[in-house]
>>> print(open('target.cif').read())   # mmCIF, C-alpha atoms
data_protein
loop_
_atom_site.label_atom_id
_atom_site.label_comp_id
_atom_site.auth_asym_id
_atom_site.auth_seq_id
_atom_site.Cartn_x
_atom_site.Cartn_y
_atom_site.Cartn_z
CA MET Z 1 0.00 0.00 0.00
CA LYS Z 2 1.42 3.39 -0.96
CA LYS Z 3 2.19 5.41 2.15
CA ASP Z 4 0.76 8.87 2.31
CA THR Z 5 3.47 11.28 3.44
CA ALA Z 6 0.83 13.94 3.95
CA LEU Z 7 -0.24 12.13 7.12
CA GLN Z 8 2.68 13.63 9.05
CA ASP Z 9 1.59 17.14 8.14
CA GLU Z 10 -2.02 16.31 8.83
CA LEU Z 11 -1.23 15.00 12.32
CA LYS Z 12 0.98 17.99 13.07
CA ASP Z 13 -1.92 20.28 12.28
CA LEU Z 14 -4.58 18.27 14.08
CA SER Z 15 -2.73 16.97 17.12
CA PRO Z 16 0.97 17.49 17.82
CA PHE Z 17 0.49 15.02 20.68
CA LEU Z 18 -0.59 12.20 18.36
CA TYR Z 19 2.13 13.22 15.92
CA GLU Z 20 4.68 12.52 18.66
CA GLN Z 21 2.98 9.22 19.48
CA LYS Z 22 3.13 8.31 15.79
CA LEU Z 23 6.86 8.96 15.63
CA LYS Z 24 7.31 6.89 18.78
CA GLN Z 25 5.26 4.08 17.33
CA GLU Z 26 7.36 4.05 14.16
CA ALA Z 27 10.55 3.88 16.20
CA GLN Z 28 9.52 1.42 18.92
CA GLY Z 29 6.43 -0.31 17.61
CA ASP Z 30 2.94 -0.14 18.99
CA GLY Z 31 3.31 -2.94 21.51
CA PHE Z 32 1.55 -5.63 19.52
CA HIS Z 33 3.35 -8.90 18.87
CA MET Z 34 2.49 -12.36 17.61
CA PRO Z 35 3.81 -15.87 18.22
CA PRO Z 36 7.00 -16.70 16.33
CA ASP Z 37 6.40 -18.55 13.06
CA TYR Z 38 2.70 -17.71 13.35
CA PHE Z 39 2.36 -17.03 9.66
CA ASP Z 40 4.22 -20.22 8.73
CA ALA Z 41 1.54 -22.30 10.38
CA LEU Z 42 -1.36 -20.14 9.21
CA GLU Z 43 -1.77 -21.76 5.78
CA GLU Z 44 -2.08 -25.29 7.14
CA ALA Z 45 -4.44 -24.09 9.87
CA VAL Z 46 -6.75 -22.49 7.30
CA LEU Z 47 -6.68 -25.55 5.02
CA ALA Z 48 -7.31 -27.83 7.99
CA ARG Z 49 -10.41 -25.81 8.87
CA LEU Z 50 -11.57 -26.07 5.28
CA ASP Z 51 -11.09 -29.84 5.52
CA SER Z 52 -13.05 -30.00 8.75
CA HIS Z 53 -15.90 -28.08 7.14
CA GLY Z 54 -15.76 -30.44 4.16
CA VAL Z 55 -15.30 -27.58 1.75
CA ARG Z 56 -11.70 -28.00 0.73
CA ARG Z 57 -12.54 -28.11 -2.90
CA PRO Z 58 -12.22 -25.48 -5.59
CA PRO Z 59 -15.49 -23.59 -5.83
CA ALA Z 60 -17.31 -23.58 -9.12
CA GLY Z 61 -17.80 -20.53 -11.18
CA ILE Z 62 -14.32 -19.18 -11.50
CA GLU Z 63 -13.43 -21.44 -14.42
CA LYS Z 64 -12.32 -19.44 -17.39
CA PRO Z 65 -14.67 -20.69 -20.08
CA GLY Z 66 -13.14 -23.38 -22.23
CA LEU Z 67 -13.69 -23.45 -25.94
CA VAL Z 68 -16.98 -25.35 -25.78
CA ARG Z 69 -18.41 -23.15 -23.03
CA TRP Z 70 -17.16 -20.04 -24.86
CA LEU Z 71 -19.03 -21.14 -27.97
CA PHE Z 72 -22.27 -21.21 -26.00
CA THR Z 73 -21.96 -17.77 -24.44
CA PRO Z 74 -24.86 -15.51 -25.42
CA GLN Z 75 -22.72 -13.21 -27.55
CA ILE Z 76 -21.28 -16.07 -29.57
CA LEU Z 77 -24.67 -17.75 -30.00
CA LEU Z 78 -26.14 -14.49 -31.27
CA ALA Z 79 -23.26 -13.95 -33.67
CA THR Z 80 -23.53 -17.54 -34.91
CA ALA Z 81 -27.29 -17.20 -35.52
CA ALA Z 82 -26.72 -13.97 -37.43
CA ALA Z 83 -24.02 -15.60 -39.54
CA ILE Z 84 -26.30 -18.55 -40.38
CA VAL Z 85 -29.07 -16.19 -41.44
CA LEU Z 86 -26.64 -14.28 -43.64
CA VAL Z 87 -25.36 -17.46 -45.26
CA LEU Z 88 -28.89 -18.73 -45.97
CA ALA Z 89 -29.87 -15.37 -47.40
CA ALA Z 90 -26.79 -15.37 -49.62
CA VAL Z 91 -27.50 -18.92 -50.81
CA TRP Z 92 -31.08 -18.02 -51.72
CA PHE Z 93 -30.15 -14.70 -53.30
CA PHE Z 94 -27.37 -16.10 -55.42
CA ARG Z 95 -29.15 -19.34 -56.31
CA PRO Z 96 -28.48 -20.64 -59.83
CA ALA Z 97 -30.31 -18.84 -62.64
CA GLU Z 98 -33.09 -20.42 -64.72
CA PRO Z 99 -31.98 -23.21 -67.04
CA VAL Z 100 -30.67 -22.18 -70.46
CA PRO Z 101 -33.46 -22.47 -73.01
CA VAL Z 102 -33.18 -25.40 -75.43
CA ILE Z 103 -31.93 -24.64 -78.86
CA ALA Z 104 -35.38 -25.21 -80.32
CA GLU Z 105 -36.57 -22.07 -78.51
CA LEU Z 106 -33.89 -19.91 -80.07
CA THR Z 107 -34.92 -17.59 -82.88
CA GLU Z 108 -33.43 -17.84 -86.35
CA GLU Z 109 -31.75 -14.53 -85.88
CA ASP Z 110 -30.03 -15.87 -82.74
CA ILE Z 111 -28.89 -18.96 -84.58
CA GLU Z 112 -27.67 -16.98 -87.57
CA ALA Z 113 -25.79 -14.57 -85.36
CA TYR Z 114 -24.19 -17.42 -83.48
CA VAL Z 115 -23.17 -19.20 -86.67
CA LEU Z 116 -21.67 -16.07 -88.18
CA ASP Z 117 -19.72 -15.40 -84.96
CA ASN Z 118 -18.40 -18.94 -84.88
CA ILE Z 119 -18.28 -19.70 -88.58
CA HIS Z 120 -14.88 -21.31 -88.38
CA ASP Z 121 -16.10 -23.88 -85.87
CA PHE Z 122 -18.51 -25.36 -88.38
CA ASP Z 123 -17.63 -27.62 -91.29
CA THR Z 124 -19.36 -27.31 -94.68
CA GLU Z 125 -21.76 -30.16 -94.07
CA GLN Z 126 -23.05 -28.52 -90.90
CA LEU Z 127 -23.44 -25.22 -92.71
CA ALA Z 128 -25.29 -26.95 -95.53
CA ALA Z 129 -27.65 -28.53 -93.03
CA LEU Z 130 -28.38 -25.18 -91.51
CA THR Z 131 -29.16 -23.54 -94.86
CA SER Z 132 -31.06 -26.48 -96.51
CA TYR Z 133 -34.66 -26.12 -97.95
CA GLU Z 134 -37.51 -27.39 -95.95
CA PRO Z 135 -38.86 -30.66 -97.30
CA SER Z 136 -42.12 -30.38 -99.31
CA ASP Z 137 -45.31 -32.24 -98.31
CA ASN Z 138 -46.10 -33.25 -101.95
CA ALA Z 139 -46.26 -37.08 -102.09
CA ASN Z 140 -45.68 -37.19 -105.87
CA GLU Z 141 -42.47 -35.43 -105.62
CA ASP Z 142 -39.54 -37.30 -106.96
CA PRO Z 143 -37.32 -37.99 -104.05
CA SER Z 144 -34.28 -38.23 -106.31
CA ALA Z 145 -34.82 -34.81 -107.70
CA SER Z 146 -32.29 -32.17 -106.99
CA PRO Z 147 -33.30 -29.83 -104.25
CA LYS Z 148 -33.09 -27.01 -106.71
CA SER Z 149 -35.78 -28.56 -108.84
CA LYS Z 150 -38.40 -28.55 -106.11
CA THR Z 151 -41.46 -26.38 -106.07
CA ASP Z 152 -39.74 -23.46 -104.35
CA LYS Z 153 -36.63 -23.76 -106.37
CA PRO Z 154 -34.66 -20.54 -106.64
CA THR Z 155 -34.70 -18.50 -109.87
CA LEU Z 156 -31.64 -18.15 -112.00
CA ASP Z 157 -31.09 -14.67 -110.59
CA ASP Z 158 -30.45 -16.14 -107.18
CA LEU Z 159 -27.77 -18.48 -108.32
CA SER Z 160 -24.11 -17.94 -108.89
CA PRO Z 161 -22.64 -18.67 -112.34
CA GLU Z 162 -21.23 -21.93 -111.12
CA ASP Z 163 -24.56 -22.95 -109.73
CA VAL Z 164 -26.31 -22.03 -112.98
CA GLU Z 165 -23.90 -24.15 -114.93
CA SER Z 166 -24.49 -27.01 -112.58
CA VAL Z 167 -28.24 -26.68 -112.86
CA LEU Z 168 -28.13 -26.56 -116.60
CA ARG Z 169 -26.06 -29.72 -116.75
CA ASP Z 170 -28.58 -31.50 -114.62
CA MET Z 171 -31.58 -30.45 -116.65
CA SER Z 172 -33.12 -32.69 -119.20
CA GLU Z 173 -33.73 -31.68 -122.84
CA GLU Z 174 -37.38 -31.02 -122.20
CA GLU Z 175 -36.65 -28.90 -119.19
CA LEU Z 176 -34.17 -26.83 -121.10
CA GLN Z 177 -36.75 -26.22 -123.86
CA GLU Z 178 -39.25 -25.06 -121.25
CA LEU Z 179 -36.71 -22.68 -119.84
CA LEU Z 180 -35.99 -21.11 -123.22
CA MET O 181 4.98 -28.01 8.07
CA SER O 182 4.02 -28.59 4.49
CA ALA O 183 6.77 -29.54 2.09
CA LEU O 184 5.57 -26.73 -0.11
CA GLN O 185 6.05 -24.05 2.52
CA PRO O 186 9.79 -23.48 2.14
CA LEU O 187 9.38 -23.34 -1.62
CA THR O 188 6.39 -21.05 -1.60
CA ALA O 189 7.85 -18.85 1.11
CA SER O 190 10.99 -18.50 -0.94
CA LEU O 191 9.01 -17.73 -4.05
CA ASN O 192 6.91 -15.17 -2.23
CA SER O 193 9.88 -13.32 -0.86
CA ARG O 194 11.68 -13.11 -4.16
CA HIS O 195 8.81 -12.84 -6.60
CA PRO O 196 5.55 -11.50 -5.17
CA ALA O 197 2.78 -12.91 -7.31
CA SER O 198 0.48 -10.58 -9.18
CA ASP O 199 -3.26 -10.67 -8.53
CA ASP O 200 -3.89 -11.79 -12.10
CA HIS O 201 -1.48 -14.69 -11.76
CA MET O 202 -3.06 -15.88 -8.54
CA LEU O 203 -6.56 -15.55 -9.97
CA ASP O 204 -5.50 -17.51 -13.05
CA LEU O 205 -4.19 -20.31 -10.85
CA MET O 206 -7.45 -20.36 -8.91
CA ARG O 207 -9.47 -20.76 -12.09
CA SER O 208 -8.28 -24.31 -12.51
CA GLU O 209 -9.11 -27.15 -10.17
CA ARG O 210 -5.62 -28.50 -10.67
CA THR O 211 -3.86 -25.31 -9.51
CA PHE O 212 -6.52 -23.75 -7.27
CA GLU O 213 -4.89 -24.57 -3.97
CA ARG O 214 -1.51 -23.40 -5.18
CA GLY O 215 -3.01 -20.04 -6.13
CA PHE O 216 -4.82 -19.81 -2.81
CA ARG O 217 -1.64 -20.50 -0.86
CA MET O 218 0.11 -17.74 -2.80
CA LEU O 219 -2.75 -15.38 -2.00
CA MET O 220 -2.49 -16.15 1.71
CA GLN O 221 1.25 -15.56 1.70
CA GLN O 222 0.83 -12.32 -0.20
CA TYR O 223 -1.80 -10.72 2.03
CA ARG O 224 -1.70 -12.45 5.41
CA GLU O 225 0.35 -9.81 7.24
CA ARG O 226 -1.57 -6.81 6.01
CA LEU O 227 -4.88 -8.42 6.83
CA TYR O 228 -3.63 -9.65 10.20
CA TRP O 229 -2.62 -6.20 11.38
CA LEU O 230 -5.83 -4.63 10.11
CA ILE O 231 -7.77 -7.17 12.14
CA ARG O 232 -5.47 -7.09 15.15
CA ARG O 233 -5.83 -3.37 15.62
CA MET O 234 -9.58 -3.78 15.60
CA VAL O 235 -9.88 -6.73 17.96
CA LEU O 236 -6.64 -6.00 19.90
CA HIS O 237 -5.88 -9.59 20.97
CA HIS O 238 -3.84 -12.10 19.03
CA GLU O 239 -6.11 -15.12 19.58
CA ASP O 240 -9.11 -13.12 18.37
CA ALA O 241 -7.14 -11.78 15.42
CA ASP O 242 -6.06 -15.32 14.49
CA ASP O 243 -9.64 -16.54 14.60
CA VAL O 244 -10.93 -13.63 12.53
CA LEU O 245 -8.08 -13.91 10.02
CA GLN O 246 -8.75 -17.62 9.44
CA ASN O 247 -12.44 -16.90 9.01
CA THR O 248 -11.50 -14.22 6.50
CA PHE O 249 -9.39 -16.60 4.41
CA ILE O 250 -12.09 -19.26 4.54
CA LYS O 251 -14.59 -16.74 3.19
CA VAL O 252 -12.10 -15.76 0.50
CA TYR O 253 -11.61 -19.44 -0.41
CA ARG O 254 -15.34 -20.06 -0.70
CA GLY O 255 -16.22 -16.75 -2.29
CA ILE O 256 -13.44 -16.21 -4.83
CA GLY O 257 -15.79 -17.50 -7.53
CA GLN O 258 -17.98 -14.45 -6.96
CA PHE O 259 -15.10 -12.00 -7.24
CA GLU O 260 -15.93 -10.08 -10.38
CA GLY O 261 -12.78 -7.96 -10.57
CA LYS O 262 -14.69 -4.68 -10.25
CA SER O 263 -12.35 -3.71 -7.41
CA LYS O 264 -8.81 -4.71 -6.60
CA LEU O 265 -8.43 -8.14 -5.05
CA TYR O 266 -6.96 -6.63 -1.91
CA THR O 267 -9.85 -4.18 -1.54
CA TRP O 268 -12.27 -7.07 -1.79
CA MET O 269 -10.40 -9.06 0.88
CA TYR O 270 -10.01 -5.96 3.05
CA ARG O 271 -13.80 -5.58 3.10
CA ILE O 272 -14.24 -9.20 4.10
CA ALA O 273 -11.66 -8.78 6.87
CA THR O 274 -13.22 -5.60 8.29
CA ASN O 275 -16.69 -7.14 8.21
CA GLU O 276 -15.40 -10.23 9.96
CA ALA O 277 -13.65 -8.10 12.60
CA LEU O 278 -16.78 -6.02 13.24
CA SER O 279 -18.91 -9.17 13.40
CA HIS O 280 -16.50 -10.63 15.91
CA LEU O 281 -16.66 -7.53 18.11
CA GLN O 282 -20.45 -7.50 17.92
CA SER O 283 -20.58 -11.17 18.82
CA ARG O 284 -18.33 -10.56 21.83
CA ALA O 285 -20.51 -7.64 22.86
CA ARG O 286 -23.62 -9.80 22.69
CA HIS O 287 -21.94 -12.48 24.76
CA SER O 288 -20.75 -10.02 27.37
CA ALA O 289 -24.15 -8.21 27.26
CA THR O 290 -22.43 -4.90 26.83
CA SER O 291 -22.36 -2.45 23.90
CA LEU O 292 -19.43 -1.93 21.62
CA ASP O 293 -18.95 1.67 22.61
CA SER O 294 -17.79 3.05 25.91
CA GLU O 295 -19.06 0.16 28.06
CA MET O 296 -17.26 -2.40 25.96
CA ALA O 297 -14.15 -0.28 25.66
CA GLY O 298 -13.17 -1.02 29.21
CA PRO O 299 -13.16 -4.82 29.06
CA LEU O 300 -11.74 -4.92 25.53
CA ALA O 301 -8.79 -2.68 26.27
CA ASN O 302 -8.30 -3.90 29.83
CA ARG O 303 -7.57 -7.37 28.51
CA LEU O 304 -4.50 -5.92 26.86
CA GLN O 305 -2.73 -5.79 30.19
CA ALA O 306 -3.06 -9.54 30.54
CA ASP O 307 -2.34 -10.25 26.88
CA ILE O 308 1.03 -11.97 26.47
CA TRP O 309 1.19 -10.76 22.91
CA PHE O 310 1.08 -7.09 23.91
CA ASP O 311 4.14 -5.61 25.55
CA GLY O 312 3.56 -1.92 24.95
CA ASP O 313 4.27 0.57 27.67
CA ARG O 314 1.60 2.31 29.66
CA ALA O 315 1.27 5.14 27.14
CA GLN O 316 0.72 2.70 24.32
CA GLN O 317 -1.86 0.81 26.34
CA LYS O 318 -3.72 4.02 27.17
CA LEU O 319 -3.66 4.98 23.52
CA GLN O 320 -5.28 1.66 22.67
CA GLU O 321 -7.85 2.17 25.41
CA ALA O 322 -8.69 5.63 24.02
CA MET O 323 -9.01 4.26 20.50
CA ALA O 324 -11.19 1.42 21.74
CA GLN O 325 -13.75 4.00 22.87
CA LEU O 326 -14.32 5.20 19.33
CA PRO O 327 -17.36 3.88 17.42
CA GLU O 328 -16.22 0.85 15.47
CA LYS O 329 -16.44 2.43 12.01
CA GLN O 330 -14.64 5.54 13.16
CA ARG O 331 -11.98 3.35 14.77
CA LEU O 332 -11.56 1.55 11.47
CA VAL O 333 -11.01 4.88 9.68
CA PHE O 334 -8.56 5.95 12.39
CA ASN O 335 -6.59 2.68 12.13
CA LEU O 336 -6.45 2.81 8.33
CA ARG O 337 -5.18 6.37 8.34
CA TYR O 338 -3.02 6.40 11.47
CA TYR O 339 -1.40 2.95 11.25
CA ASP O 340 -1.69 1.95 7.58
CA GLU O 341 -1.31 5.56 6.35
CA MET O 342 -3.86 4.74 3.66
CA PRO O 343 -4.67 7.66 1.32
CA TYR O 344 -8.22 8.95 1.64
CA GLU O 345 -8.98 8.15 -1.99
CA GLU O 346 -8.10 4.48 -1.47
CA MET O 347 -10.02 4.43 1.78
CA SER O 348 -13.02 5.89 -0.02
CA ARG O 349 -13.04 2.98 -2.49
CA LEU O 350 -12.57 0.47 0.31
CA LEU O 351 -15.30 1.78 2.60
CA ASP O 352 -17.56 3.22 -0.11
CA THR O 353 -17.60 6.56 1.70
CA SER O 354 -16.76 10.01 0.39
CA VAL O 355 -13.30 11.45 0.94
CA GLY O 356 -14.76 14.44 2.75
CA ALA O 357 -16.67 12.27 5.18
CA LEU O 358 -13.57 10.17 5.85
CA LYS O 359 -11.43 13.25 6.52
CA ALA O 360 -14.04 14.61 8.88
CA SER O 361 -14.27 11.27 10.64
CA PHE O 362 -10.50 10.99 11.07
CA HIS O 363 -10.11 14.56 12.27
CA HIS O 364 -12.88 14.05 14.79
CA ALA O 365 -11.34 10.75 15.92
CA VAL O 366 -7.94 12.37 16.43
CA LYS O 367 -9.45 15.03 18.65
CA LYS O 368 -11.39 12.48 20.69
CA VAL O 369 -8.40 10.15 21.15
CA GLU O 370 -6.17 13.01 22.27
CA ALA O 371 -8.81 14.25 24.68
CA MET O 372 -9.43 10.77 26.14
CA PHE O 373 -5.72 10.06 26.36
CA LYS O 374 -5.01 13.27 28.21
CA ALA O 375 -7.98 12.72 30.47
CA THR O 376 -6.40 9.51 31.72
CA ASP O 377 -3.93 9.93 34.49
CA PHE O 378 -0.82 7.88 33.77
#
>>> encode(input="target.cif", output="structure tokens")
Amino acid sequence: MKKDTALQDELKDLSPFLYEQKLKQEAQGDGFHMPPDYFDALEEAVLARLDSHGVRRPPAGIEKPGLVRWLFTPQILLATAAAIVLVLAAVWFFRPAEPVPVIAELTEEDIEAYVLDNIHDFDTEQLAALTSYEPSDNANEDPSASPKSKTDKPTLDDLSPEDVESVLRDMSEEELQELL
Amino acid sequence: MSALQPLTASLNSRHPASDDHMLDLMRSERTFERGFRMLMQQYRERLYWLIRRMVLHHEDADDVLQNTFIKVYRGIGQFEGKSKLYTWMYRIATNEALSHLQSRARHSATSLDSEMAGPLANRLQADIWFDGDRAQQKLQEAMAQLPEKQRLVFNLRYYDEMPYEEMSRLLDTSVGALKASFHHAVKKVEAMFKATDF
């Protein structure tokens, strides 16, 4: 305990008599003594009394909370509940988007744009399949006929010179006469 | 004598344990008693003299001091750390000392004040553990006539030289009230001392 040196001045002001007694007490003691080795035996005496009372056992409640107990403190439980709510909200909010529509639902413009953007990924047969005429419902149609000879066959203006030459080679005499 | 005593006594003299260290030891069942022994070694003298100057006689002081440590042992789980550990134990010790004096007064069917002062202080003459001269005995007799709380304030200031601010925290009383109480006690003790022919 930190001694207060102001006590000397205080006693001098209040009672010079007690101030003198204080000085005497500091020099000679106050007359009180105790048995020798009293404090050495004190610990065992106290513990023996605790034994006799049947209470020599560490009291509960002073345990610093271990990890498990710390996890169940109110503050941690509240924080855990809040974290779970946040996680669930994030999972729901960022849930996967609707499935990608099947190709059949795509418009022709979408398909055309995709093909043009990725033209090099397609071979000629695939391109031909994409640009082929729709089959006719006419049952009398000659299945061996060239696609260009079908009902909606393109006019000569739509064809390239090479195509025209090819068409002409494929035409019969009668068909050529009709054309002229 | 316990085998631990020389070791702990040596440790205490060279390395006084901090309150936090002792409290940490007493948090574990495995080290509780070790921490409690360190606490007793750390504070036994200060508490003894606080009690002794209240009850005057060694046997009474020994009894009260042991009761104090038993209450500390059983109640340390309720110590919340809002005050210093020593302040908390000091309060227990003063309450135990006052309870002891009140119990003695009930047994002797006399009050704690002037009527009790005579028997309490007169026993000093026959006490083998008091060898003060006549002046010192008369001083103790004068102090014994003070009301118990005022005597406590007087002892804390006069013998322990405790600052008023610390005393205020210990006794939960304002500094002004404590100063007034001590000043009044000084005047009364001087007057009673001088009134006695020795």
>>> interface_residues(input="target.cif", of="chain O", to="chain Z", cutoff="6 Å", atoms="all atoms listed in the file", output="PyMOL selection string")
chain O and resi 207+209+246+257+309-312+341+343
>>> axis_aligned_box(input="target.cif", around="segment 306-318 of chain O", padding_each_side="3 Å", output="lines of an AutoDock Vina configuration file")
center_x = 0.3
center_y = -3.4
center_z = 26.7
size_x = 14.0
size_y = 23.1
size_z = 13.6
>>> resolve_selection(input="target.cif", expression="the PyMOL selection byres ((chain O and resi 225) around 12)", output="PyMOL selection string")
(chain Z and resi 34+38-40+42) or (chain O and resi 219-224+226-232+241-242+245+270+340)
>>> residues_near_point(input="target.cif", point="(-9.9, 12.1, 24.9)", cutoff="12 Å", atoms="all atoms listed in the file", output="ChimeraX atom specification")
/Z:15,17-18 /O:318-326,364-377
>>> resolve_selection(input="target.cif", expression="the PyMOL selection byres ((chain O and resi 351-357) around 10)", output="VMD selection string")
chain O and resid 267 270 to 271 274 329 332 to 333 343 to 350 358 to 363
>>> decode(input="target.cif", residues="segment 12-30 of chain Z", atoms="N, CA and C atoms", output="mmCIF file, in the first residue's frame")
data_model
loop_
_atom_site.group_PDB
_atom_site.id
_atom_site.type_symbol
_atom_site.label_atom_id
_atom_site.label_comp_id
_atom_site.auth_asym_id
_atom_site.auth_seq_id
_atom_site.Cartn_x
_atom_site.Cartn_y
_atom_site.Cartn_z
ATOM 1 N N LYS Z 12 0.376 16.792 12.451
ATOM 2 C CA LYS Z 12 0.976 17.988 13.074
ATOM 3 C C LYS Z 12 -0.054 19.083 13.235
ATOM 4 N N ASP Z 13 -0.893 19.249 12.221
ATOM 5 C CA ASP Z 13 -1.922 20.285 12.276
ATOM 6 C C ASP Z 13 -3.021 19.928 13.262
ATOM 7 N N LEU Z 14 -3.436 18.676 13.266
ATOM 8 C CA LEU Z 14 -4.576 18.268 14.083
ATOM 9 C C LEU Z 14 -4.190 18.069 15.541
ATOM 10 N N SER Z 15 -3.097 17.344 15.757
ATOM 11 C CA SER Z 15 -2.733 16.968 17.121
ATOM 12 C C SER Z 15 -1.244 16.717 17.210
ATOM 13 N N PRO Z 16 -0.476 17.701 17.623
ATOM 14 C CA PRO Z 16 0.968 17.486 17.821
ATOM 15 C C PRO Z 16 1.238 16.338 18.784
ATOM 16 N N PHE Z 17 0.338 16.118 19.730
ATOM 17 C CA PHE Z 17 0.486 15.017 20.680
ATOM 18 C C PHE Z 17 0.478 13.675 19.944
ATOM 19 N N LEU Z 18 -0.526 13.472 19.097
ATOM 20 C CA LEU Z 18 -0.586 12.201 18.361
ATOM 21 C C LEU Z 18 0.544 12.096 17.330
ATOM 22 N N TYR Z 19 0.981 13.230 16.834
ATOM 23 C CA TYR Z 19 2.125 13.218 15.915
ATOM 24 C C TYR Z 19 3.349 12.640 16.617
ATOM 25 N N GLU Z 20 3.554 13.058 17.890
ATOM 26 C CA GLU Z 20 4.677 12.524 18.662
ATOM 27 C C GLU Z 20 4.500 11.033 18.924
ATOM 28 N N GLN Z 21 3.250 10.633 19.240
ATOM 29 C CA GLN Z 21 2.976 9.217 19.478
ATOM 30 C C GLN Z 21 3.231 8.396 18.214
ATOM 31 N N LYS Z 22 2.913 8.994 17.073
ATOM 32 C CA LYS Z 22 3.133 8.310 15.792
ATOM 33 C C LYS Z 22 4.618 8.081 15.554
ATOM 34 N N LEU Z 23 5.411 9.114 15.811
ATOM 35 C CA LEU Z 23 6.857 8.965 15.632
ATOM 36 C C LEU Z 23 7.405 7.889 16.565
ATOM 37 N N LYS Z 24 6.887 7.892 17.805
ATOM 38 C CA LYS Z 24 7.314 6.890 18.777
ATOM 39 C C LYS Z 24 6.923 5.490 18.320
ATOM 40 N N GLN Z 25 5.744 5.376 17.806
ATOM 41 C CA GLN Z 25 5.261 4.076 17.334
ATOM 42 C C GLN Z 25 6.119 3.568 16.187
ATOM 43 N N GLU Z 26 6.526 4.466 15.284
ATOM 44 C CA GLU Z 26 7.362 4.050 14.156
ATOM 45 C C GLU Z 26 8.746 3.623 14.615
ATOM 46 N N ALA Z 27 9.214 4.217 15.700
ATOM 47 C CA ALA Z 27 10.551 3.884 16.196
ATOM 48 C C ALA Z 27 10.536 2.629 17.076
ATOM 49 N N GLN Z 28 9.507 2.496 17.921
ATOM 50 C CA GLN Z 28 9.516 1.419 18.918
ATOM 51 C C GLN Z 28 8.453 0.365 18.687
ATOM 52 N N GLY Z 29 7.552 0.611 17.779
ATOM 53 C CA GLY Z 29 6.432 -0.310 17.608
ATOM 54 C C GLY Z 29 5.261 0.151 18.457
ATOM 55 N N ASP Z 30 4.150 -0.529 18.260
ATOM 56 C CA ASP Z 30 2.941 -0.145 18.986
ATOM 57 C C ASP Z 30 2.611 -1.112 20.119
#
